[in-house]
Amino acid sequence: MKVSELANAAKVTAETVRHYTREGLITAQRDPQNGYHDYDLRSLTRLRFVHQAKQLGFSLAQIKQILEHEQLGDSPCPMVRQLLEQSVVSTKQKISQLTKQLATMEEALVAWTHMPNGEPDGHSICQLIEQWDDPLVTNDKEAL
């Protein structure tokens, strides 16, 4: 299969196929007549695997590690479980941080509703930010 044929079969872009080839996640033989990459069914299987793993949130480095583990003849499933468990914890932490940041952003927008934009005066960059008093930080300081 050529790059475009493999991409169509896996429902990804040709650039994705090229990128994963450069990363060593899938391999191809060179067609001696024209020098084009020629992919086999194993490449299609691996490409689909990589695509599914990406949808689950695995990084390319983790996927490469999983594939290397499989090539040694060992089941990578225990490692996959552990990686995903760690990812769930860190993703929940990121969601919590982003939720707090979103609340702060929304509070700032409400507070800025009646504030003028201001003009640069050489001493101030943007008064909206400079005069912002984050209630969450203020409350944390008061709690100390």
# chains A, B, ... in the order shown; residues from 1 in each chain; ligands from 1
>>> select_by_dssp(residues="stretch 1-112 of chain A", states="strand (DSSP E)", output="list in words")
Gln29, Arg30, His37 and Asp38 of chain A
>>> write_last_selection(atoms="C-alpha atoms", output="PDB file, in the first residue's frame")
ATOM      1  CA  GLN A  29       9.630  -1.093   2.555  1.00  0.00           C
ATOM      2  CA  ARG A  30      10.923   0.980  -0.348  1.00  0.00           C
ATOM      3  CA  HIS A  37       7.051   3.692   0.651  1.00  0.00           C
ATOM      4  CA  ASP A  38       5.199   0.402   0.441  1.00  0.00           C
TER       5      ASP A  38
END
>>> select_by_dssp(residues="stretch 2-135 of chain A", states="helix (DSSP H, G or I)", output="number ranges by chain")
A: 3-10, 14-22, 41-55, 60-71, 77-112, 127-130, 135
>>> closest_residue(among="A:Leu98, A:Leu56, A:Leu109, A:Ala61", to="A:Leu84", atoms="only C-alpha atoms")
A:Leu56
>>> atom_distance(atom1="atom CA of A:Ala53", atom2="atom CA of A:Thr99")
25.9 Å
>>> atom_distance(atom1="atom CA of A:Leu67", atom2="atom CA of A:Leu25")
7.7 Å
>>> closest_residue(among="A:His51, A:Val80, A:Val12, A:Glu130", to="A:Gln65", atoms="only C-alpha atoms")
A:Val80
>>> closest_residue(among="A:Met79, A:Leu47, A:Pro32, A:Phe58", to="A:Thr91", atoms="only C-alpha atoms")
A:Phe58
>>> atom_distance(atom1="atom CA of A:Met1", atom2="atom CA of A:Thr45")
12.7 Å
